[in-house]
Structure formats: C-alpha cells, structure tokens
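Data from work00.json: JSON, C-alpha atoms
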[["chain", "number", "residue", "atom", "x", "y", "z"],
["A", 10, "MET", "CA", 21.13, 28.41, 19.70],
["A", 11, "HIS", "CA", 18.21, 26.85, 17.85],
["A", 12, "ASP", "CA", 15.67, 29.33, 16.59],
["A", 13, "TYR", "CA", 12.15, 28.69, 17.88],
["A", 14, "SER", "CA", 10.90, 32.30, 17.60],
["A", 15, "ASP", "CA", 8.20, 31.45, 15.06],
["A", 16, "LEU", "CA", 7.18, 28.10, 16.53],
["A", 17, "LYS", "CA", 3.54, 29.12, 16.82],
["A", 18, "ARG", "CA", 3.29, 29.97, 13.14],
["A", 19, "ILE", "CA", 5.12, 26.78, 12.24],
["A", 20, "LEU", "CA", 2.72, 24.65, 14.27],
["A", 21, "LEU", "CA", -0.22, 26.40, 12.63],
["A", 22, "GLU", "CA", 1.23, 25.64, 9.22],
["A", 23, "VAL", "CA", 1.76, 22.02, 10.22],
["A", 24, "LEU", "CA", -1.93, 21.81, 11.09],
["A", 25, "LEU", "CA", -2.83, 23.42, 7.77],
["A", 26, "ILE", "CA", -0.77, 20.86, 5.83],
["A", 27, "VAL", "CA", -2.42, 18.03, 7.76],
["A", 28, "ALA", "CA", -5.89, 19.50, 7.19],
["A", 29, "LEU", "CA", -5.23, 19.92, 3.47],
["A", 30, "GLY", "CA", -3.95, 16.34, 3.22],
["A", 31, "VAL", "CA", -6.98, 15.01, 5.07],
["A", 32, "VAL", "CA", -9.41, 16.92, 2.85],
["A", 33, "ILE", "CA", -7.74, 15.77, -0.37],
["A", 34, "GLY", "CA", -7.37, 12.22, 0.93],
["A", 35, "LEU", "CA", -10.98, 11.93, 2.08],
["A", 36, "SER", "CA", -12.44, 13.44, -1.07],
["A", 37, "SER", "CA", -10.33, 11.42, -3.49],
["A", 38, "ASN", "CA", -11.13, 8.19, -1.63],
["A", 39, "ALA", "CA", -14.75, 9.03, -0.82],
["A", 40, "ARG", "CA", -16.14, 6.05, -2.70],
["A", 41, "LEU", "CA", -13.85, 3.53, -1.04],
["A", 42, "LEU", "CA", -14.45, 4.98, 2.43],
["A", 43, "TYR", "CA", -18.20, 4.96, 1.88],
["A", 44, "ARG", "CA", -18.03, 1.26, 1.05],
["A", 45, "VAL", "CA", -15.94, 0.57, 4.14],
["A", 46, "TRP", "CA", -18.27, 2.64, 6.31],
["A", 47, "THR", "CA", -21.43, 0.98, 5.12],
["A", 48, "GLY", "CA", -19.92, -2.44, 5.74],
["A", 49, "GLN", "CA", -19.57, -3.44, 2.10],
["A", 50, "GLY", "CA", -15.86, -4.04, 2.50],
["A", 51, "ALA", "CA", -13.19, -2.53, 0.31],
["A", 52, "GLY", "CA", -13.95, -4.90, -2.53],
["A", 53, "PRO", "CA", -14.58, -3.89, -6.11],
["A", 54, "ALA", "CA", -15.24, -0.28, -7.00],
["A", 55, "THR", "CA", -18.08, -1.33, -9.24],
["A", 56, "PRO", "CA", -21.15, -2.79, -7.53],
["A", 57, "ALA", "CA", -21.23, -6.54, -7.85],
["A", 58, "THR", "CA", -23.61, -7.83, -10.46],
["A", 59, "THR", "CA", -22.18, -11.24, -9.79],
["A", 60, "THR", "CA", -22.31, -13.84, -12.45],
["A", 61, "THR", "CA", -20.23, -16.95, -12.00],
["A", 62, "GLU", "CA", -17.64, -15.76, -14.52],
["A", 63, "THR", "CA", -16.86, -12.46, -12.84],
["A", 64, "ALA", "CA", -17.54, -13.54, -9.25],
["A", 65, "ILE", "CA", -14.98, -12.35, -6.74],
["A", 66, "PRO", "CA", -14.61, -13.19, -3.07],
["A", 67, "GLU", "CA", -16.76, -11.03, -0.83],
["A", 68, "PRO", "CA", -14.94, -9.39, 2.10],
["A", 69, "VAL", "CA", -16.68, -9.59, 5.48],
["A", 70, "MET", "CA", -15.85, -8.00, 8.81],
["A", 71, "LEU", "CA", -15.55, -9.49, 12.28],
["A", 72, "ASP", "CA", -19.21, -8.97, 13.21],
["A", 73, "GLN", "CA", -20.45, -10.63, 10.04],
["A", 74, "ALA", "CA", -17.98, -13.50, 10.47],
["A", 75, "ARG", "CA", -19.23, -13.99, 14.02],
["A", 76, "GLU", "CA", -22.83, -14.05, 12.86],
["A", 77, "LEU", "CA", -22.08, -16.56, 10.10],
["A", 78, "ILE", "CA", -20.35, -18.85, 12.57],
["A", 79, "ARG", "CA", -23.08, -18.50, 15.20],
["A", 80, "THR", "CA", -25.92, -19.21, 12.79],
["A", 81, "LYS", "CA", -23.90, -21.88, 10.91],
["A", 82, "GLN", "CA", -24.94, -20.18, 7.66],
["A", 83, "ALA", "CA", -21.57, -20.74, 6.03],
["A", 84, "VAL", "CA", -18.92, -23.41, 5.94],
["A", 85, "ILE", "CA", -15.89, -21.92, 7.70],
["A", 86, "ILE", "CA", -12.56, -22.67, 6.01],
["A", 87, "ASP", "CA", -9.10, -22.12, 7.51],
["A", 88, "ALA", "CA", -6.60, -21.52, 4.66],
["A", 89, "ARG", "CA", -3.51, -21.50, 6.89],
["A", 90, "ILE", "CA", -0.97, -24.28, 7.16],
["A", 91, "ARG", "CA", -1.99, -27.35, 9.14],
["A", 92, "GLU", "CA", 0.24, -26.59, 12.16],
["A", 93, "LEU", "CA", -1.44, -23.23, 12.72],
["A", 94, "TYR", "CA", -4.88, -24.83, 12.43],
["A", 95, "LEU", "CA", -4.00, -27.37, 15.14],
["A", 96, "ASP", "CA", -2.65, -24.54, 17.30],
["A", 97, "GLY", "CA", -6.03, -22.84, 17.28],
["A", 98, "HIS", "CA", -8.80, -22.03, 14.82],
["A", 99, "LEU", "CA", -12.24, -20.42, 14.62],
["A", 100, "PRO", "CA", -15.08, -22.56, 16.03],
["A", 101, "GLY", "CA", -16.45, -24.89, 13.37],
["A", 102, "ALA", "CA", -13.66, -24.17, 10.89],
["A", 103, "ILE", "CA", -12.29, -26.96, 8.75],
["A", 104, "SER", "CA", -8.66, -27.00, 7.63],
["A", 105, "LEU", "CA", -7.99, -26.46, 3.93],
["A", 106, "PRO", "CA", -4.44, -25.13, 3.51],
["A", 107, "LEU", "CA", -3.87, -23.31, 0.22],
["A", 108, "GLU", "CA", -0.96, -25.59, -0.73],
["A", 109, "GLU", "CA", -3.21, -28.63, -0.39],
["A", 110, "ALA", "CA", -6.05, -27.00, -2.31],
["A", 111, "ASP", "CA", -6.09, -29.61, -5.08],
["A", 112, "THR", "CA", -7.04, -32.50, -2.82],
["A", 113, "GLY", "CA", -8.83, -30.34, -0.26],
["A", 114, "ILE", "CA", -11.28, -28.81, -2.72],
["A", 115, "GLY", "CA", -12.18, -32.28, -3.97],
["A", 116, "GLU", "CA", -12.95, -33.46, -0.45],
["A", 117, "LEU", "CA", -14.94, -30.31, 0.29],
["A", 118, "ALA", "CA", -17.00, -30.73, -2.87],
["A", 119, "ALA", "CA", -17.93, -34.25, -1.80],
["A", 120, "GLY", "CA", -19.81, -32.96, 1.23],
["A", 121, "THR", "CA", -20.74, -29.37, 0.41],
["A", 122, "GLY", "CA", -23.08, -28.27, -2.33],
["A", 123, "PRO", "CA", -22.33, -25.29, -4.60],
["A", 124, "ASP", "CA", -25.19, -23.27, -3.09],
["A", 125, "ARG", "CA", -23.74, -23.42, 0.40],
["A", 126, "PRO", "CA", -21.93, -20.15, 1.31],
["A", 127, "LEU", "CA", -18.25, -20.46, 2.24],
["A", 128, "LEU", "CA", -16.22, -18.22, 4.54],
["A", 129, "VAL", "CA", -12.44, -18.35, 4.17],
["A", 130, "TYR", "CA", -9.87, -16.81, 6.49],
["A", 131, "CYS", "CA", -6.13, -16.96, 7.09],
["A", 132, "ASN", "CA", -3.65, -14.95, 9.12],
["A", 133, "GLY", "CA", -5.23, -11.53, 8.81],
["A", 134, "TYR", "CA", -4.55, -8.53, 6.62],
["A", 135, "GLY", "CA", -1.52, -8.97, 4.45],
["A", 136, "CYS", "CA", -2.12, -12.71, 4.21],
["A", 137, "PRO", "CA", -3.18, -13.42, 0.61],
["A", 138, "ASP", "CA", -3.93, -17.13, 1.09],
["A", 139, "SER", "CA", -7.60, -16.68, 1.97],
["A", 140, "PHE", "CA", -8.23, -14.61, -1.15],
["A", 141, "ASP", "CA", -6.33, -17.01, -3.37],
["A", 142, "LEU", "CA", -8.18, -20.00, -1.95],
["A", 143, "ALA", "CA", -11.51, -18.15, -2.22],
["A", 144, "LYS", "CA", -10.87, -17.48, -5.90],
["A", 145, "ARG", "CA", -10.16, -21.15, -6.52],
["A", 146, "LEU", "CA", -13.34, -22.12, -4.68],
["A", 147, "LEU", "CA", -15.32, -19.75, -6.90],
["A", 148, "GLU", "CA", -13.68, -21.27, -9.95],
["A", 149, "SER", "CA", -14.60, -24.71, -8.62],
["A", 150, "GLY", "CA", -18.27, -23.78, -8.73],
["A", 151, "TRP", "CA", -19.31, -22.44, -5.33],
["A", 152, "LYS", "CA", -21.59, -19.46, -5.85],
["A", 153, "ARG", "CA", -20.91, -17.43, -2.73],
["A", 154, "VAL", "CA", -17.45, -17.30, -1.20],
["A", 155, "MET", "CA", -16.63, -14.78, 1.50],
["A", 156, "VAL", "CA", -13.28, -13.78, 2.99],
["A", 157, "PHE", "CA", -12.87, -12.70, 6.59],
["A", 158, "GLU", "CA", -10.00, -10.26, 6.07],
["A", 159, "GLY", "CA", -9.12, -9.83, 9.74],
["A", 160, "GLY", "CA", -8.66, -13.57, 9.97],
["A", 161, "PHE", "CA", -7.45, -15.50, 12.97],
["A", 162, "PRO", "CA", -5.52, -12.58, 14.58],
["A", 163, "GLU", "CA", -8.53, -10.26, 14.67],
["A", 164, "TRP", "CA", -10.78, -13.04, 15.99],
["A", 165, "HIS", "CA", -8.27, -14.01, 18.65],
["A", 166, "ASP", "CA", -7.59, -10.39, 19.70],
["A", 167, "ALA", "CA", -11.31, -9.74, 20.08],
["A", 168, "GLY", "CA", -11.26, -12.35, 22.86],
["A", 169, "LEU", "CA", -13.53, -14.72, 20.95],
["A", 170, "PRO", "CA", -13.37, -18.48, 21.55],
["A", 171, "VAL", "CA", -10.74, -20.51, 19.72],
["A", 172, "VAL", "CA", -10.76, -24.26, 19.19],
["A", 173, "ARG", "CA", -7.50, -26.21, 19.47],
["A", 174, "GLY", "CA", -6.69, -29.55, 17.89],
["A", 175, "ASP", "CA", -7.93, -31.25, 14.72],
["A", 176, "LYS", "CA", -11.68, -31.10, 15.41],
["A", 177, "PRO", "CA", -13.65, -28.23, 13.74],
["B", 19, "MET", "CA", 28.31, 26.87, -2.02],
["B", 20, "ARG", "CA", 29.22, 26.59, 1.67],
["B", 21, "PRO", "CA", 29.19, 23.15, 3.34],
["B", 22, "LEU", "CA", 26.36, 24.26, 5.63],
["B", 23, "HIS", "CA", 24.18, 25.20, 2.69],
["B", 24, "LEU", "CA", 25.06, 21.95, 0.96],
["B", 25, "LEU", "CA", 24.06, 19.98, 4.05],
["B", 26, "TYR", "CA", 20.79, 21.87, 4.36],
["B", 27, "HIS", "CA", 19.76, 21.48, 0.73],
["B", 28, "GLY", "CA", 20.89, 17.85, 0.66],
["B", 29, "CYS", "CA", 18.82, 16.97, 3.74],
["B", 30, "ARG", "CA", 15.75, 18.83, 2.53],
["B", 31, "LEU", "CA", 15.87, 17.33, -0.98],
["B", 32, "VAL", "CA", 16.42, 13.74, 0.20],
["B", 33, "LEU", "CA", 13.75, 14.02, 2.90],
["B", 34, "GLY", "CA", 11.29, 15.57, 0.44],
["B", 35, "ALA", "CA", 11.96, 12.94, -2.20],
["B", 36, "VAL", "CA", 11.52, 10.09, 0.28],
["B", 37, "PHE", "CA", 8.19, 11.42, 1.54],
["B", 38, "LEU", "CA", 6.90, 12.28, -1.91],
["B", 39, "TYR", "CA", 7.79, 8.78, -3.17],
["B", 40, "ALA", "CA", 6.29, 7.10, -0.10],
["B", 41, "GLY", "CA", 3.10, 9.13, -0.43],
["B", 42, "VAL", "CA", 2.63, 8.45, -4.14],
["B", 43, "VAL", "CA", 3.25, 4.71, -3.81],
["B", 44, "LYS", "CA", 0.78, 4.37, -0.94],
["B", 45, "GLY", "CA", -1.74, 6.77, -2.44],
["B", 46, "LEU", "CA", -1.95, 4.60, -5.55],
["B", 47, "ASP", "CA", -2.88, 1.49, -3.55],
["B", 48, "VAL", "CA", -5.03, 2.68, -0.67],
["B", 49, "THR", "CA", -6.62, -0.71, -0.05],
["B", 50, "GLY", "CA", -3.25, -2.45, 0.06],
["B", 51, "PHE", "CA", -1.87, 0.21, 2.37],
["B", 52, "ALA", "CA", -4.93, -0.17, 4.63],
["B", 53, "GLY", "CA", -4.09, -3.85, 4.89],
["B", 54, "GLN", "CA", -0.55, -2.98, 5.95],
["B", 55, "VAL", "CA", -1.82, -0.51, 8.55],
["B", 56, "ALA", "CA", -4.27, -3.14, 9.78],
["B", 57, "ALA", "CA", -1.42, -5.61, 10.23],
["B", 58, "TYR", "CA", -0.19, -3.42, 13.09],
["B", 59, "ARG", "CA", -3.52, -4.05, 14.83],
["B", 60, "LEU", "CA", -3.53, -0.61, 16.43],
["B", 61, "LEU", "CA", -6.67, 0.83, 14.86],
["B", 62, "PRO", "CA", -10.25, -0.33, 14.31],
["B", 63, "TYR", "CA", -11.32, -1.55, 10.87],
["B", 64, "GLY", "CA", -12.51, 1.84, 9.57],
["B", 65, "GLY", "CA", -9.57, 3.64, 11.18],
["B", 66, "ASN", "CA", -7.14, 1.70, 9.03],
["B", 67, "TYR", "CA", -8.88, 2.95, 5.90],
["B", 68, "LEU", "CA", -9.04, 6.54, 7.19],
["B", 69, "VAL", "CA", -5.29, 6.57, 7.79],
["B", 70, "ALA", "CA", -4.63, 4.86, 4.47],
["B", 71, "ALA", "CA", -6.77, 7.42, 2.63],
["B", 72, "THR", "CA", -5.27, 10.56, 4.20],
["B", 73, "LEU", "CA", -1.67, 9.85, 5.23],
["B", 74, "PRO", "CA", -0.31, 9.53, 1.67],
["B", 75, "TYR", "CA", -1.58, 13.01, 0.77],
["B", 76, "ILE", "CA", -0.07, 14.57, 3.89],
["B", 77, "GLU", "CA", 3.23, 12.94, 2.94],
["B", 78, "ILE", "CA", 2.94, 14.16, -0.65],
["B", 79, "ILE", "CA", 2.27, 17.77, 0.41],
["B", 80, "ALA", "CA", 5.14, 17.74, 2.92],
["B", 81, "GLY", "CA", 7.45, 16.19, 0.31],
["B", 82, "VAL", "CA", 6.56, 18.73, -2.38],
["B", 83, "LEU", "CA", 7.06, 21.65, 0.03],
["B", 84, "LEU", "CA", 10.51, 20.36, 1.01],
["B", 85, "LEU", "CA", 11.53, 19.79, -2.62],
["B", 86, "SER", "CA", 10.31, 23.21, -3.71],
["B", 87, "ASN", "CA", 12.08, 24.91, -0.76],
["B", 88, "ARG", "CA", 8.88, 26.48, 0.55],
["B", 89, "ARG", "CA", 7.50, 26.24, 4.08],
["B", 90, "VAL", "CA", 10.47, 24.00, 4.82],
["B", 91, "ARG", "CA", 10.30, 24.28, 8.62],
["B", 92, "PRO", "CA", 6.67, 23.18, 9.05],
["B", 93, "ALA", "CA", 7.12, 20.48, 6.42],
["B", 94, "ALA", "CA", 10.30, 19.17, 8.09],
["B", 95, "LEU", "CA", 8.64, 19.28, 11.52],
["B", 96, "LEU", "CA", 5.66, 17.37, 10.17],
["B", 97, "CYS", "CA", 7.93, 14.76, 8.58],
["B", 98, "GLY", "CA", 9.75, 14.40, 11.89],
["B", 99, "LEU", "CA", 6.49, 13.99, 13.81],
["B", 100, "MET", "CA", 5.17, 11.42, 11.33],
["B", 101, "THR", "CA", 8.44, 9.51, 11.57],
["B", 102, "LEU", "CA", 8.14, 9.46, 15.36],
["B", 103, "VAL", "CA", 4.65, 7.97, 15.02],
["B", 104, "PHE", "CA", 6.01, 5.34, 12.59],
["B", 105, "ILE", "CA", 8.79, 4.47, 15.04],
["B", 106, "ALA", "CA", 6.28, 4.11, 17.89],
["B", 107, "ALA", "CA", 4.09, 1.83, 15.74],
["B", 108, "LEU", "CA", 7.08, -0.28, 14.68],
["B", 109, "LEU", "CA", 8.29, -0.62, 18.25],
["B", 110, "SER", "CA", 4.86, -1.66, 19.45],
["B", 111, "ALA", "CA", 4.62, -4.24, 16.65],
["B", 112, "TRP", "CA", 8.06, -5.49, 17.58],
["B", 113, "TYR", "CA", 7.12, -5.67, 21.25],
["B", 114, "ARG", "CA", 3.98, -7.64, 20.49],
["B", 115, "GLY", "CA", 5.91, -9.98, 18.20],
["B", 116, "LEU", "CA", 3.77, -9.21, 15.15],
["B", 117, "ASP", "CA", 4.95, -10.33, 11.75],
["B", 118, "ILE", "CA", 4.04, -7.17, 9.92],
["B", 119, "SER", "CA", 5.75, -8.02, 6.64],
["B", 120, "CYS", "CA", 3.21, -10.74, 5.79],
["B", 121, "GLY", "CA", 1.25, -12.35, 8.59],
["B", 122, "CYS", "CA", 1.19, -15.78, 6.97],
["B", 123, "PHE", "CA", 4.33, -17.41, 8.30],
["B", 124, "ASP", "CA", 7.32, -16.00, 10.05],
["B", 125, "PRO", "CA", 10.06, -15.02, 7.60],
["B", 126, "GLU", "CA", 12.64, -12.72, 9.21],
["B", 127, "ALA", "CA", 10.09, -10.37, 10.69],
["B", 128, "ASP", "CA", 12.64, -8.94, 13.08],
["B", 129, "THR", "CA", 15.09, -7.85, 10.41],
["B", 130, "SER", "CA", 12.43, -6.06, 8.42],
["B", 131, "ILE", "CA", 11.29, -4.14, 11.51],
["B", 132, "GLY", "CA", 14.91, -3.39, 12.38],
["B", 133, "GLU", "CA", 15.60, -2.08, 8.88],
["B", 134, "ALA", "CA", 12.51, 0.10, 9.00],
["B", 135, "LEU", "CA", 13.56, 1.51, 12.37],
["B", 136, "LEU", "CA", 17.03, 2.30, 11.06],
["B", 137, "ARG", "CA", 15.55, 4.07, 8.04],
["B", 138, "ASP", "CA", 13.24, 6.08, 10.30],
["B", 139, "VAL", "CA", 16.15, 7.22, 12.46],
["B", 140, "GLY", "CA", 17.84, 8.42, 9.26],
["B", 141, "LEU", "CA", 14.70, 10.36, 8.31],
["B", 142, "LEU", "CA", 14.63, 11.95, 11.77],
["B", 143, "ILE", "CA", 18.19, 13.19, 11.29],
["B", 144, "LEU", "CA", 17.31, 14.64, 7.87],
["B", 145, "ALA", "CA", 14.23, 16.34, 9.34],
["B", 146, "HIS", "CA", 16.32, 17.72, 12.20],
["B", 147, "PHE", "CA", 18.86, 19.37, 9.88],
["B", 148, "SER", "CA", 16.21, 20.62, 7.46],
["B", 149, "PHE", "CA", 14.33, 22.25, 10.34],
["B", 150, "HIS", "CA", 17.25, 23.79, 12.20],
["B", 151, "LEU", "CA", 19.50, 24.87, 9.34],
["B", 152, "ARG", "CA", 16.73, 26.61, 7.38],
["B", 153, "ASN", "CA", 16.86, 29.96, 9.18],
["B", 154, "ARG", "CA", 20.65, 30.01, 9.43],
["B", 155, "VAL", "CA", 20.97, 29.44, 5.71],
["B", 156, "LEU", "CA", 18.42, 32.15, 4.96],
["B", 157, "ARG", "CA", 20.16, 34.62, 7.31],
["B", 158, "GLU", "CA", 23.58, 33.97, 5.81],
["B", 159, "ARG", "CA", 22.24, 34.38, 2.32],
["B", 160, "GLN", "CA", 20.70, 37.73, 3.25],
["B", 161, "ALA", "CA", 23.96, 38.86, 4.91],
["B", 162, "THR", "CA", 25.99, 38.32, 1.78]]
Represent the structure contained in this file as structure tokens.
Amino acid sequence: MHDYSDLKRILLEVLLIVALGVVIGLSSNARLLYRVWTGQGAGPATPATTTTETAIPEPVMLDQARELIRTKQAVIIDARIRELYLDGHLPGAISLPLEEADTGIGELAAGTGPDRPLLVYCNGYGCPDSFDLAKRLLESGWKRVMVFEGGFPEWHDAGLPVVRGDKP
Amino acid sequence: MRPLHLLYHGCRLVLGAVFLYAGVVKGLDVTGFAGQVAAYRLLPYGGNYLVAATLPYIEIIAGVLLLSNRRVRPAALLCGLMTLVFIAALLSAWYRGLDISCGCFDPEADTSIGEALLRDVGLLILAHFSFHLRNRVLRERQAT
C-alpha cells in the first residue's frame, strides 16, 4: 500500500541534500574547523594578541592537559563543588570551587605567582564553571590561564589515573 | 480541502518549520552546539565540531524543502533518519547516566532526556505522514 517505486531516486536525493549541507557547513565554518584541527581550540576568531585587559582563557585538549600535568608546568585547578573533588580529581589538582572563588583565589595568590600558568577544569563540555573561574583568575592578575574543556569526564573516560580524597 | 490533504500539509509544514528553526539556532552558535554534542561523549574532539558545523545546514535544507513543498519525500526521509540518530544518541546517554543538559550537577537530567525522546517520536510521526501521504495527495490532485 505504501509507494516505494522511486526509492532509489529518493535515496540519491537524500545523499545530495546531505552532501550540499556538508559542503555549505564546512565552507562557512572553515576558520573555526581549522582552529580546532590545528589544536588551537575553538577560542576567539581573532588571533590572540593577548594583553592583560583582553586576555581570555585558553582552551586546551586532553593531550595538552596530560602534558601539563605530567611536566607540572601548570597549577591544576578543579572548579567543581567540593564533594565531586573528593570523589575523584585529576592528579595534582587543587580544589577551588567557583562558589568559593572569593576566598579560594586569595589563598591561591598567596602561594602562586602571576607568571605561573594555571589550568582549570570542571565537569566537561557544557559546564561553564571552569571558564567563569578562569576569567576571574585572569582578572585577578594571572597572565596565562588555560581551560581543559573536556574536564573530568573526558579524563576519566580516557582511562587516565584519578586521585580520590582531599590530597592533590 | 480534504482531511487527507490537510494532514499531509500540516505534517510537512510543522516538520519543516521545526527543522528549519533547529538548524538556524544551532548554525548560529556552532561552538556551543559542539559543546552539546561533546556532552554525549560519542565522538572524538574534532568529530564534535564536524557534526556541529554540518548538521545545522542539512537540517536547514531539509526544512526549507519541506516548507516549500519540493522534494518532500527525500526531505521527510532525511528528517526521519536524523531523528532516529538523535533518539539513538539520547538513549545511549540515558543508558550511560549522562547529564547532558549541563554536566555540572544533576538537575532533572532524566526528565529532559524523556522530553527530548517524546519530541523525537512526534517528529518521526510527522516525517512518516509527510513521506507516505505525498504521492497519494499528488495523485488525487491530478485525478480531479
């Protein structure tokens, strides 16, 4: 009772629509995709000529986050709530929940100079806390603040070691 | 206008409008949409951006075709196939207990996935009628 006589043509047209969409999508987002591909993150469309006034958090991927943790080049900061930190965090990460930023930033400043790079993460894509905290850290005077967008979920899913409890 | 025609045009117009709207909204914020795709944790880092860059345009084209009553069958089939993919992704997120609405805490993740699933089933029904009624409507119009 249903008419499938021209199914072949229909499928071909489906493929054509998809191909057209892909071509338009790729070409209109070429710049963004290039940045993603070359590992620059999806950050600002304009290349960063970072002065302290216009500084924005720098997105990093899993590999870069791993390297920063391994070489201890950056101070690793967990922006999630305290309970989640105790449940498991990235090796070496200190807890600085966004809602306790006022006191936390003060304590951090006491032991960490403004030239030391910082790497902030929270609960992965869709979690804005790491970006918000990173912006506040930039405002507080740190020169280089990075955000690991994949956060704890990506780290955990990659099978990388996780530290439980209140020690970094 | 006969009820059958009304049903066909209603389904096609609503389906087209939904996909056009969804495509435009996502196409305007590709980075944000990539983050939402990434929250499903199904694709690698670059894959999320590839989907986010292309899917909105496929949705826009399908939506415009449905609204303009041209190439309705391929467009409806494509909408149905995309909806099936969305349902599969939602179910897998549900199964893995992901909080895809935010990822920070855990506010009513289940209801938002449930709502999205319900909406997708509705879209499947619209796509079904748009696809299958198209030729009947055309035939009846030619007969009169």
Can you tell me, as a ChimeraX atom specification, what residues are no more than 9 Å from Gly34 (chain A) when counting only C-alpha atoms, ignoring any on the same chain fewer than 2 positions away? /A:29-32,36-39 /B:45,68,70-76
Those same residues - C-alpha atoms - I'd like them written as a CSV table (one decimal), in the frame of the given file.
chain,number,residue,atom,x,y,z
A,29,LEU,CA,-5.2,19.9,3.5
A,30,GLY,CA,-4.0,16.3,3.2
A,31,VAL,CA,-7.0,15.0,5.1
A,32,VAL,CA,-9.4,16.9,2.8
A,36,SER,CA,-12.4,13.4,-1.1
A,37,SER,CA,-10.3,11.4,-3.5
A,38,ASN,CA,-11.1,8.2,-1.6
A,39,ALA,CA,-14.8,9.0,-0.8
B,45,GLY,CA,-1.7,6.8,-2.4
B,68,LEU,CA,-9.0,6.5,7.2
B,70,ALA,CA,-4.6,4.9,4.5
B,71,ALA,CA,-6.8,7.4,2.6
B,72,THR,CA,-5.3,10.6,4.2
B,73,LEU,CA,-1.7,9.8,5.2
B,74,PRO,CA,-0.3,9.5,1.7
B,75,TYR,CA,-1.6,13.0,0.8
B,76,ILE,CA,-0.1,14.6,3.9
A:Glu22, A:Glu116, A:Glu109, A:Asp15: which is nearest chain B, counting all atoms listed in the file?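 Checking each of A:Glu22, A:Glu116, A:Glu109, A:Asp15 against chain B, counting all atoms listed in the file, the winner is A:Glu22.
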Chain A residues near chain B (7 Å cut-off, all atoms listed in the file) as a list in words: His11, Ile19, Leu20, Glu22, Val23, Ile26, Val27, Gly30, Val31, Ile33, Gly34, Leu35, Asn38, Leu42, Val45, Trp46, Ala51, Asn132, Gly133, Tyr134, Gly135 and Cys136 of chain A
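Between CA of Leu85 (chain B) and CA of Gly98 (chain B) lies a distance of 15.6 Å.
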Excluding Lys81 (chain A) and its own-chain neighbours fewer than 4 positions away, which residues fall within 10 Å of it when counting only C-alpha atoms? Please give them as a PyMOL selection string. chain A and resi 75-77+85+101+126
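Nearest to Asp166 (chain A) of all the residues B:Arg159, B:His23, B:Arg137, B:Arg114 is B:Arg114, based on all atoms listed in the file.
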